[in-house]
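Novice: I'm passing along run_14.cif; it holds mmCIF, C-alpha atoms.
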```cif
data_run
loop_
_atom_site.group_PDB
_atom_site.id
_atom_site.type_symbol
_atom_site.label_atom_id
_atom_site.label_comp_id
_atom_site.auth_asym_id
_atom_site.auth_seq_id
_atom_site.Cartn_x
_atom_site.Cartn_y
_atom_site.Cartn_z
ATOM 1 C CA MET A 30 0.000 0.000 0.000
ATOM 2 C CA ASN A 31 2.937 2.251 0.690
ATOM 3 C CA VAL A 32 4.215 1.790 -2.851
ATOM 4 C CA VAL A 33 0.824 2.790 -4.238
ATOM 5 C CA PHE A 34 0.783 5.886 -2.069
ATOM 6 C CA TYR A 35 4.271 7.043 -2.996
ATOM 7 C CA LEU A 36 3.815 6.325 -6.688
ATOM 8 C CA SER A 37 0.510 8.183 -6.915
ATOM 9 C CA ALA A 38 1.926 11.070 -4.870
ATOM 10 C CA ALA A 39 4.790 11.306 -7.362
ATOM 11 C CA VAL A 40 2.338 11.197 -10.276
ATOM 12 C CA ALA A 41 0.183 13.882 -8.635
ATOM 13 C CA ILE A 42 3.132 16.205 -8.074
ATOM 14 C CA ALA A 43 4.567 15.621 -11.564
ATOM 15 C CA SER A 44 1.250 16.221 -13.327
ATOM 16 C CA THR A 45 0.496 19.316 -11.215
ATOM 17 C CA ALA A 46 3.907 20.687 -12.134
ATOM 18 C CA MET A 47 3.002 20.062 -15.774
ATOM 19 C CA VAL A 48 -0.320 21.898 -15.269
ATOM 20 C CA ILE A 49 1.292 25.154 -14.242
ATOM 21 C CA THR A 50 3.939 25.068 -16.981
ATOM 22 C CA ARG A 51 1.804 24.258 -20.042
ATOM 23 C CA THR A 52 1.050 26.948 -22.601
ATOM 24 C CA ASN A 53 -1.922 25.141 -24.103
ATOM 25 C CA ALA A 54 -4.908 25.279 -21.743
ATOM 26 C CA LEU A 55 -6.316 21.945 -22.902
ATOM 27 C CA HIS A 56 -3.029 20.135 -22.323
ATOM 28 C CA ALA A 57 -2.940 21.657 -18.847
ATOM 29 C CA LEU A 58 -6.478 20.397 -18.218
ATOM 30 C CA LEU A 59 -5.465 16.899 -19.302
ATOM 31 C CA TYR A 60 -2.660 16.953 -16.746
ATOM 32 C CA LEU A 61 -5.007 18.364 -14.127
ATOM 33 C CA VAL A 62 -7.379 15.424 -14.630
ATOM 34 C CA ILE A 63 -4.430 13.039 -14.171
ATOM 35 C CA SER A 64 -3.483 14.916 -11.006
ATOM 36 C CA PHE A 65 -6.995 14.553 -9.589
ATOM 37 C CA LEU A 66 -7.050 10.839 -10.429
ATOM 38 C CA ALA A 67 -3.730 10.399 -8.637
ATOM 39 C CA VAL A 68 -4.995 12.287 -5.581
ATOM 40 C CA SER A 69 -8.081 10.079 -5.634
ATOM 41 C CA LEU A 70 -5.821 7.032 -5.425
ATOM 42 C CA ILE A 71 -4.048 8.689 -2.480
ATOM 43 C CA PHE A 72 -7.438 9.090 -0.781
ATOM 44 C CA TYR A 73 -8.078 5.393 -1.295
ATOM 45 C CA THR A 74 -4.802 4.422 0.322
ATOM 46 C CA LEU A 75 -5.571 6.787 3.214
ATOM 47 C CA GLY A 76 -8.782 4.861 3.922
ATOM 48 C CA ALA A 77 -11.353 7.175 2.359
ATOM 49 C CA PRO A 78 -12.916 5.235 -0.541
ATOM 50 C CA PHE A 79 -16.066 7.384 -0.576
ATOM 51 C CA ILE A 80 -14.050 10.578 -1.005
ATOM 52 C CA ALA A 81 -11.925 8.867 -3.658
ATOM 53 C CA ALA A 82 -15.061 8.141 -5.668
ATOM 54 C CA LEU A 83 -16.309 11.710 -5.197
ATOM 55 C CA GLU A 84 -12.956 13.080 -6.308
ATOM 56 C CA VAL A 85 -13.191 11.147 -9.570
ATOM 57 C CA ILE A 86 -16.868 11.936 -10.172
ATOM 58 C CA VAL A 87 -17.052 15.592 -9.141
ATOM 59 C CA TYR A 88 -13.529 16.936 -9.610
ATOM 60 C CA ALA A 89 -12.148 14.929 -12.508
ATOM 61 C CA GLY A 90 -15.590 14.528 -14.031
ATOM 62 C CA ALA A 91 -17.905 17.475 -13.598
ATOM 63 C CA ILE A 92 -15.595 20.405 -12.845
ATOM 64 C CA MET A 93 -13.031 19.511 -15.496
ATOM 65 C CA VAL A 94 -15.756 19.038 -18.105
ATOM 66 C CA LEU A 95 -16.997 22.526 -17.233
ATOM 67 C CA PHE A 96 -13.485 23.867 -17.808
ATOM 68 C CA ILE A 97 -13.190 22.036 -21.118
ATOM 69 C CA PHE A 98 -16.555 23.391 -22.275
ATOM 70 C CA VAL A 99 -15.535 26.961 -21.519
ATOM 71 C CA ILE A 100 -12.163 26.587 -23.249
ATOM 72 C CA MET A 101 -13.893 25.060 -26.254
ATOM 73 C CA LEU A 102 -16.384 27.946 -26.263
ATOM 74 C CA LEU A 103 -13.570 30.488 -26.219
ATOM 75 C CA ASN A 104 -11.458 28.677 -28.795
ATOM 76 C CA ILE A 105 -13.217 29.777 -31.947
ATOM 77 C CA GLY A 106 -11.390 30.884 -35.067
ATOM 78 C CA PRO A 107 -9.996 29.853 -38.437
ATOM 79 C CA GLN A 108 -6.936 28.245 -36.858
ATOM 80 C CA THR A 109 -9.052 25.518 -35.230
ATOM 81 C CA VAL A 110 -8.205 22.880 -37.859
ATOM 82 C CA GLU A 111 -4.503 23.532 -37.511
ATOM 83 C CA THR A 112 -4.869 23.324 -33.737
ATOM 84 C CA GLU A 113 -6.659 19.982 -34.039
ATOM 85 C CA ARG A 114 -3.857 18.674 -36.229
ATOM 86 C CA ARG A 115 -1.295 19.765 -33.664
ATOM 87 C CA TRP A 116 -3.249 18.035 -30.904
ATOM 88 C CA LEU A 117 -3.117 14.754 -32.756
ATOM 89 C CA ARG A 118 0.685 14.708 -32.613
ATOM 90 C CA SER A 119 2.097 12.373 -30.026
ATOM 91 C CA SER A 120 3.933 15.107 -28.106
ATOM 92 C CA GLY A 121 0.585 16.396 -26.895
ATOM 93 C CA TRP A 122 -0.701 13.216 -25.331
ATOM 94 C CA ALA A 123 2.402 11.159 -24.547
ATOM 95 C CA GLY A 124 2.881 12.676 -21.090
ATOM 96 C CA PRO A 125 -0.701 12.257 -19.818
ATOM 97 C CA VAL A 126 -0.876 8.747 -21.264
ATOM 98 C CA THR A 127 2.321 7.703 -19.465
ATOM 99 C CA LEU A 128 1.155 9.124 -16.137
ATOM 100 C CA SER A 129 -2.311 7.574 -16.424
ATOM 101 C CA LEU A 130 -0.766 4.212 -17.361
ATOM 102 C CA ILE A 131 1.140 4.340 -14.064
ATOM 103 C CA LEU A 132 -2.160 4.992 -12.287
ATOM 104 C CA LEU A 133 -3.812 2.107 -14.140
ATOM 105 C CA ALA A 134 -0.994 -0.228 -13.111
ATOM 106 C CA GLU A 135 -1.480 0.864 -9.495
ATOM 107 C CA LEU A 136 -5.213 0.279 -9.713
ATOM 108 C CA ILE A 137 -4.704 -3.206 -11.114
ATOM 109 C CA TYR A 138 -2.177 -3.906 -8.378
ATOM 110 C CA VAL A 139 -4.618 -2.756 -5.676
ATOM 111 C CA ILE A 140 -7.466 -4.881 -7.069
ATOM 112 C CA ALA A 141 -5.243 -7.932 -7.575
ATOM 113 C CA ALA A 142 -3.636 -7.643 -4.152
ATOM 114 C CA ARG A 143 -7.021 -7.315 -2.492
ATOM 115 C CA GLY A 144 -8.068 -10.739 -3.749
ATOM 116 C CA THR A 145 -5.080 -12.528 -2.285
ATOM 117 C CA ALA A 146 -4.346 -10.854 1.036
ATOM 118 C CA ALA A 147 -6.560 -8.930 3.399
ATOM 119 C CA SER A 148 -3.570 -6.973 4.669
ATOM 120 C CA THR A 149 -3.601 -4.694 1.612
ATOM 121 C CA ALA A 150 -6.864 -3.034 2.646
ATOM 122 C CA PRO A 151 -6.477 0.712 3.167
ATOM 123 C CA GLN A 152 -5.375 1.843 6.581
ATOM 124 C CA ALA A 153 -8.153 2.355 9.156
ATOM 125 C CA LEU A 154 -11.010 2.363 6.667
ATOM 126 C CA ILE A 155 -13.678 4.991 7.337
ATOM 127 C CA ASP A 156 -16.721 3.798 5.434
ATOM 128 C CA PRO A 157 -19.376 5.967 3.734
ATOM 129 C CA ARG A 158 -21.980 5.017 6.356
ATOM 130 C CA GLN A 159 -19.899 6.620 9.095
ATOM 131 C CA VAL A 160 -19.316 9.720 6.966
ATOM 132 C CA GLY A 161 -23.006 10.036 6.151
ATOM 133 C CA THR A 162 -24.111 9.666 9.744
ATOM 134 C CA THR A 163 -21.740 12.349 10.960
ATOM 135 C CA LEU A 164 -22.563 14.586 7.988
ATOM 136 C CA PHE A 165 -26.284 14.620 8.675
ATOM 137 C CA THR A 166 -26.086 14.878 12.454
ATOM 138 C CA THR A 167 -23.100 16.911 13.654
ATOM 139 C CA TYR A 168 -22.575 18.918 10.472
ATOM 140 C CA LEU A 169 -26.187 19.437 9.439
ATOM 141 C CA ILE A 170 -25.861 23.224 9.496
ATOM 142 C CA GLY A 171 -22.843 22.901 7.218
ATOM 143 C CA VAL A 172 -24.899 20.909 4.720
ATOM 144 C CA GLU A 173 -27.537 23.633 4.741
ATOM 145 C CA LEU A 174 -24.901 26.315 4.249
ATOM 146 C CA ALA A 175 -23.321 24.362 1.393
ATOM 147 C CA SER A 176 -26.676 24.001 -0.328
ATOM 148 C CA THR A 177 -27.302 27.739 0.050
ATOM 149 C CA LEU A 178 -23.852 28.414 -1.386
ATOM 150 C CA LEU A 179 -24.514 26.166 -4.375
ATOM 151 C CA LEU A 180 -27.869 27.847 -4.989
ATOM 152 C CA THR A 181 -26.169 31.252 -4.853
ATOM 153 C CA ALA A 182 -23.532 30.057 -7.306
ATOM 154 C CA LEU A 183 -26.242 28.743 -9.625
ATOM 155 C CA ILE A 184 -28.081 32.062 -9.630
ATOM 156 C CA GLY A 185 -24.818 33.997 -9.956
ATOM 157 C CA ALA A 186 -23.622 31.954 -12.932
ATOM 158 C CA TYR A 187 -27.040 32.279 -14.562
ATOM 159 C CA HIS A 188 -27.040 36.029 -14.053
ATOM 160 C CA LEU A 189 -23.515 36.426 -15.427
ATOM 161 C CA GLY A 190 -24.438 34.388 -18.472
ATOM 162 C CA GLN A 191 -27.497 36.532 -18.906
ATOM 163 C CA ALA A 192 -25.683 39.837 -18.300
ATOM 164 C CA ARG A 193 -24.609 40.492 -21.878
ATOM 165 C CA ARG A 194 -28.037 40.057 -23.409
ATOM 166 C CA GLU A 195 -29.493 42.231 -20.648
ATOM 167 C CA LEU A 196 -26.934 44.954 -21.421
ATOM 168 C CA ASP A 197 -27.879 44.919 -25.103
ATOM 169 C CA ARG A 198 -31.540 45.176 -24.239
ATOM 170 C CA THR A 199 -31.116 48.150 -21.915
ATOM 171 C CA ARG A 200 -29.014 49.886 -24.559
ATOM 172 C CA ARG A 201 -31.725 49.324 -27.165
ATOM 173 C CA GLU A 202 -34.375 50.627 -24.778
ATOM 174 C CA ARG A 203 -32.299 53.702 -24.085
ATOM 175 C CA GLU A 204 -31.923 54.258 -27.831
ATOM 176 C CA VAL A 205 -35.659 54.082 -28.400
ATOM 177 C CA LYS A 206 -36.292 56.438 -25.495
ATOM 178 C CA PHE A 207 -33.700 58.854 -26.864
ATOM 179 C CA ARG A 208 -35.378 58.840 -30.286
ATOM 180 C CA GLU A 209 -38.771 59.506 -28.726
ATOM 181 C CA ASP A 210 -37.350 62.360 -26.666
ATOM 182 C CA ALA A 211 -35.720 63.884 -29.750
ATOM 183 C CA VAL A 212 -38.984 63.714 -31.706
ATOM 184 C CA ARG A 213 -40.875 65.254 -28.831
ATOM 185 C CA ALA A 214 -38.362 68.080 -28.510
ATOM 186 C CA GLY A 215 -38.925 68.894 -32.210
ATOM 187 C CA GLU A 216 -35.354 68.559 -33.467
ATOM 188 C CA PRO A 217 -35.750 66.358 -36.524
ATOM 189 C CA GLU A 218 -32.365 67.188 -38.089
ATOM 190 C CA ALA A 219 -30.298 66.661 -34.922
ATOM 191 C CA ALA A 220 -31.810 63.307 -34.045
ATOM 192 C CA PRO A 221 -30.415 60.973 -36.773
ATOM 193 C CA GLY A 222 -26.757 61.967 -36.277
ATOM 194 C CA GLU A 223 -26.899 61.528 -32.555
ATOM 195 C CA LEU A 224 -28.677 58.246 -32.987
ATOM 196 C CA GLU A 225 -25.802 56.949 -35.096
ATOM 197 C CA THR A 226 -23.211 57.891 -32.495
ATOM 198 C CA GLU A 227 -25.361 56.174 -29.914
ATOM 199 C CA LYS A 228 -25.356 53.037 -32.039
ATOM 200 C CA GLU A 229 -21.586 53.097 -32.476
ATOM 201 C CA GLY A 230 -20.982 53.560 -28.775
ATOM 202 C CA MET B 167 0.496 -3.706 7.242
ATOM 203 C CA ALA B 168 2.606 -0.716 6.442
ATOM 204 C CA THR B 169 0.631 2.441 7.015
ATOM 205 C CA VAL B 170 1.326 5.723 5.309
ATOM 206 C CA SER B 171 2.648 8.219 7.795
ATOM 207 C CA THR B 172 0.699 11.408 8.407
ATOM 208 C CA GLN B 173 3.854 13.425 7.879
ATOM 209 C CA ILE B 174 4.308 12.218 4.311
ATOM 210 C CA GLY B 175 0.661 12.881 3.474
ATOM 211 C CA LEU B 176 0.890 16.435 4.796
ATOM 212 C CA ILE B 177 4.144 16.981 2.914
ATOM 213 C CA VAL B 178 2.519 15.838 -0.339
ATOM 214 C CA ALA B 179 -0.450 18.116 0.365
ATOM 215 C CA SER B 180 1.810 21.100 0.991
ATOM 216 C CA ILE B 181 3.843 20.419 -2.162
ATOM 217 C CA LEU B 182 0.638 20.333 -4.202
ATOM 218 C CA PHE B 183 -0.592 23.512 -2.503
ATOM 219 C CA MET B 184 2.728 25.222 -3.213
ATOM 220 C CA LEU B 185 2.527 24.217 -6.874
ATOM 221 C CA GLY B 186 -0.962 25.709 -7.090
ATOM 222 C CA LEU B 187 0.206 28.898 -5.399
ATOM 223 C CA VAL B 188 3.160 29.211 -7.780
ATOM 224 C CA GLY B 189 0.810 28.697 -10.703
ATOM 225 C CA LEU B 190 -1.528 31.378 -9.392
ATOM 226 C CA LEU B 191 1.342 33.838 -8.955
ATOM 227 C CA VAL B 192 3.160 33.095 -12.204
ATOM 228 C CA ARG B 193 0.402 32.712 -14.780
ATOM 229 C CA ARG B 194 -1.536 35.675 -16.104
ATOM 230 C CA ASN B 195 -4.072 33.680 -18.104
ATOM 231 C CA ILE B 196 -7.305 33.720 -16.126
ATOM 232 C CA ILE B 197 -8.100 30.080 -16.971
ATOM 233 C CA PHE B 198 -4.767 28.996 -15.532
ATOM 234 C CA SER B 199 -5.432 31.039 -12.414
ATOM 235 C CA LEU B 200 -8.707 29.186 -11.913
ATOM 236 C CA MET B 201 -6.974 25.840 -12.446
ATOM 237 C CA SER B 202 -4.332 26.765 -9.847
ATOM 238 C CA ILE B 203 -7.072 27.627 -7.374
ATOM 239 C CA GLU B 204 -8.562 24.187 -8.016
ATOM 240 C CA VAL B 205 -5.197 22.573 -7.318
ATOM 241 C CA MET B 206 -4.900 24.517 -4.047
ATOM 242 C CA LEU B 207 -8.408 23.576 -2.911
ATOM 243 C CA ASN B 208 -7.688 19.954 -3.736
ATOM 244 C CA ALA B 209 -4.419 20.054 -1.788
ATOM 245 C CA SER B 210 -6.162 21.451 1.279
ATOM 246 C CA GLY B 211 -8.713 18.648 0.934
ATOM 247 C CA LEU B 212 -5.859 16.156 0.882
ATOM 248 C CA ALA B 213 -4.534 17.654 4.126
ATOM 249 C CA PHE B 214 -7.976 17.239 5.716
ATOM 250 C CA ILE B 215 -8.233 13.619 4.579
ATOM 251 C CA THR B 216 -4.748 12.870 5.905
ATOM 252 C CA ALA B 217 -5.613 14.363 9.279
ATOM 253 C CA GLY B 218 -8.909 12.468 9.323
ATOM 254 C CA ALA B 219 -7.066 9.214 8.631
ATOM 255 C CA ARG B 220 -4.636 10.014 11.424
ATOM 256 C CA TRP B 221 -7.412 10.312 14.018
ATOM 257 C CA GLY B 222 -9.691 7.717 12.458
ATOM 258 C CA GLN B 223 -12.619 10.146 12.417
ATOM 259 C CA PRO B 224 -14.973 10.963 9.523
ATOM 260 C CA ASP B 225 -14.715 14.733 10.128
ATOM 261 C CA GLY B 226 -11.851 15.155 7.669
ATOM 262 C CA GLN B 227 -13.906 13.578 4.899
ATOM 263 C CA ILE B 228 -16.844 15.839 5.717
ATOM 264 C CA MET B 229 -14.585 18.882 5.456
ATOM 265 C CA PHE B 230 -13.545 17.578 2.041
ATOM 266 C CA LEU B 231 -17.209 17.431 1.016
ATOM 267 C CA PHE B 232 -17.585 21.096 1.963
ATOM 268 C CA ILE B 233 -14.417 21.980 0.039
ATOM 269 C CA LEU B 234 -15.914 20.153 -2.928
ATOM 270 C CA ALA B 235 -19.081 22.267 -2.712
ATOM 271 C CA VAL B 236 -17.041 25.472 -2.440
ATOM 272 C CA ALA B 237 -14.898 24.444 -5.418
ATOM 273 C CA ALA B 238 -17.947 23.680 -7.546
ATOM 274 C CA ALA B 239 -19.558 27.027 -6.676
ATOM 275 C CA GLU B 240 -16.324 28.925 -7.268
ATOM 276 C CA VAL B 241 -15.717 27.275 -10.626
ATOM 277 C CA SER B 242 -19.217 27.872 -11.959
ATOM 278 C CA VAL B 243 -19.192 31.567 -11.061
ATOM 279 C CA GLY B 244 -15.546 31.946 -12.102
ATOM 280 C CA LEU B 245 -16.061 30.412 -15.525
ATOM 281 C CA ALA B 246 -19.169 32.525 -16.119
ATOM 282 C CA LEU B 247 -17.022 35.564 -15.260
ATOM 283 C CA VAL B 248 -14.324 34.327 -17.658
ATOM 284 C CA LEU B 249 -16.878 34.110 -20.459
ATOM 285 C CA ALA B 250 -18.225 37.602 -19.704
ATOM 286 C CA LEU B 251 -14.699 39.032 -19.486
ATOM 287 C CA TYR B 252 -13.689 37.377 -22.740
ATOM 288 C CA HIS B 253 -16.717 38.750 -24.550
ATOM 289 C CA GLN B 254 -15.898 42.207 -23.260
ATOM 290 C CA ASN B 255 -12.121 42.296 -23.777
ATOM 291 C CA ARG B 256 -11.432 39.553 -26.371
ATOM 292 C CA SER B 257 -8.553 38.465 -24.151
ATOM 293 C CA LEU B 258 -7.933 36.121 -21.232
ATOM 294 C CA ASP B 259 -5.276 38.369 -19.692
ATOM 295 C CA VAL B 260 -6.220 39.189 -16.093
ATOM 296 C CA ASP B 261 -4.543 42.585 -16.376
ATOM 297 C CA GLU B 262 -7.184 43.589 -18.922
ATOM 298 C CA ALA B 263 -9.726 43.495 -16.124
ATOM 299 C CA SER B 264 -7.872 46.243 -14.251
ATOM 300 C CA ARG B 265 -9.280 48.743 -16.731
ATOM 301 C CA MET B 266 -12.807 47.719 -15.847
ATOM 302 C CA ARG B 267 -15.187 50.517 -14.968
ATOM 303 C CA GLY B 268 -18.631 50.282 -13.477
#
```
Once you've parsed the file, please lay out its structure as C-alpha cells.
Specialist:
Amino acid sequence: MNVVFYLSAAVAIASTAMVITRTNALHALLYLVISFLAVSLIFYTLGAPFIAALEVIVYAGAIMVLFIFVIMLLNIGPQTVETERRWLRSSGWAGPVTLSLILLAELIYVIAARGTAASTAPQALIDPRQVGTTLFTTYLIGVELASTLLLTALIGAYHLGQARRELDRTRREREVKFREDAVRAGEPEAAPGELETEKEG
Amino acid sequence: MATVSTQIGLIVASILFMLGLVGLLVRRNIIFSLMSIEVMLNASGLAFITAGARWGQPDGQIMFLFILAVAAAEVSVGLALVLALYHQNRSLDVDEASRMRG
C-alpha cells in the first residue's frame, strides 16, 4: 500500500507541475485530470474510498468538463483545424498517457492484491456510512450552508451568463427612449446623427 | 500492514498547494489562475483527509465534502465571469480586467 501511495503522490506532483507550466490550456487540463485521479488514489490508500469516488466523479468529471466546455467555447477561429492537427501529434498526449498508465498499473495492483491478502486493505477504513451519519447529524448546518452556497452560485452563474443580453436590451431601450425624446423636442435634423453615435458607442 | 505516515501525506499536500500557489502567482491567463485555485483547494482537501485518517474520524472527509461544494460554486461563477470578461475584452489576460469601470 505504501508503494501505491508514494507512486501516486509522485504522479500527482509531476502532473500538477506540468499543469502550471503548459502553454496550451487543454493540455494543462489533461494533466489536471491526471493529477486529480492520482490524488483520488491517495485518498483510497488513506482509507477514504467514498471521497476517492467523489474526487473522480465531481472533480475529474464534472468540474473539469466545465473547464473544457468553456475553453472550447472560447477557442473559436480559423486556426481551429490547424490546432486539431497539432493536438493529434504524439507530443501532446504522450505525457498524460504515461502518467495515467502508471495509475492504471497501481489500480490493477490494488485490485489484484485485495483478492489474495486482506492486509492490503487501506489503513483504518472509514466507510461511507460513518461519513453520512456524521454529515447529517453533527454537520447538518454545514450541509444547509453548502446548499445555500450552491444555490447562490447557480443564480450567480445564470445572471452572469445573462448579463450580456441584458446589457444589449437596456441599450436598445435607451436608444428608443432617446429617439422619442428627440422627436418630442422637435429637433428632426439633430436626431439621426446623434442616434448613429449612440449606435456606435 | 505498512501504514502511510501522516507526515508524508501532509508533505505531499503542501507540495501540491505550493505548486498551485506558484501557478496562481506566475500565470496571467485567467483560466490557468482558476486551475491553480482548483489545485490549491484539492491540496487542502488532501490535508484534511490525511488528518482524518490520522485520528480515524470521519470529520476530515466531511470537510472535504464542503471543500468540494465550495470548489464547484467557485468554478461555476468563475467560468461565467471568464466568459463575460472574454466577450468584453477579447482576451484572457487578467490585467485587462484592471481597466474595468462600473
Novice: Carefully work through the PyMOL selection byres ((chain B and resi 179) around 9) for this structure and note down the residues it includes, as a list in words.
Specialist: Ile174, Gly175, Leu176, Ile177, Val178, Ser180, Ile181, Leu182, Phe183, Met184, Met206, Asn208, Ala209, Ser210, Gly211, Leu212, Ala213 and Thr216 of chain B
Novice: So which residues touch Ala250 (chain B) within 8 Å, counting only C-alpha atoms, skipping near sequence neighbours fewer than 2 positions away, as an MDAnalysis selection string?
Specialist: (chainID A and resid 189:190 192:193) or (chainID B and resid 246:248 252:254)
Novice: For chain B, which of A:Asn31, A:Thr177, A:Thr127, A:Ser69 is the closest residue, counting all atoms listed in the file?
Specialist: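 Among the listed residues, A:Asn31 lies closest to chain B.
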Novice: State, in Å with one decimal place, the distance from CA of Asn53 (chain A) to CA of Phe34 (chain A).
Specialist: 29.4 Å
Novice: For chain B, which residues have at least one atom within 7 Å of chain A, if we go by all atoms listed in the file? Write them as a VMD selection string, please.
Specialist: chain B and resid 167 to 170 178 182 185 189 216 219 222 224 227 to 228 232 235 238 to 239 242 to 243 245 to 247 250
Novice: Residues picked by the PyMOL selection byres ((chain B and resi 191-193) around 10) here, as a list of chain:residue names?
Specialist: A:Ile49, A:Thr50, A:Thr52, B:Leu185, B:Gly186, B:Leu187, B:Val188, B:Gly189, B:Leu190, B:Arg194, B:Asn195, B:Ile196, B:Ile197, B:Phe198, B:Ser199, B:Ser202, B:Asp259, B:Val260
Novice: In Å to one decimal, how far is CA of Ile203 (chain B) from CA of Gly90 (chain A)?
Specialist: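 Pair CA of Gly90 (chain A) / CA of Ile203 (chain B) returns 17.0 Å.
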Novice: CA of Arg201 (chain A) and CA of Arg265 (chain B) are how many Å apart?
Specialist: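 Interatomic distance, CA of Arg201 (chain A) to CA of Arg265 (chain B): 24.8 Å.
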Novice: Give the answer as one residue: which of B:Ile233, B:Leu249, B:Thr172, B:Arg220 has the shortest atom-to-atom distance to Val205 (chain B), using all atoms listed in the file?
Specialist: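 Among the listed residues, the smallest separation from Val205 (chain B) belongs to B:Ile233.
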Novice: How big is the axis-aligned box around all listed atoms of region 199-209 of chain A once 8 Å goes on each side, and where's its centre, in Å to one decimal, as JSON?
Specialist:
```
{"center_x": -33.9, "center_y": 53.8, "center_z": -26.1, "size_x": 25.8, "size_y": 27.4, "size_z": 24.4}
```
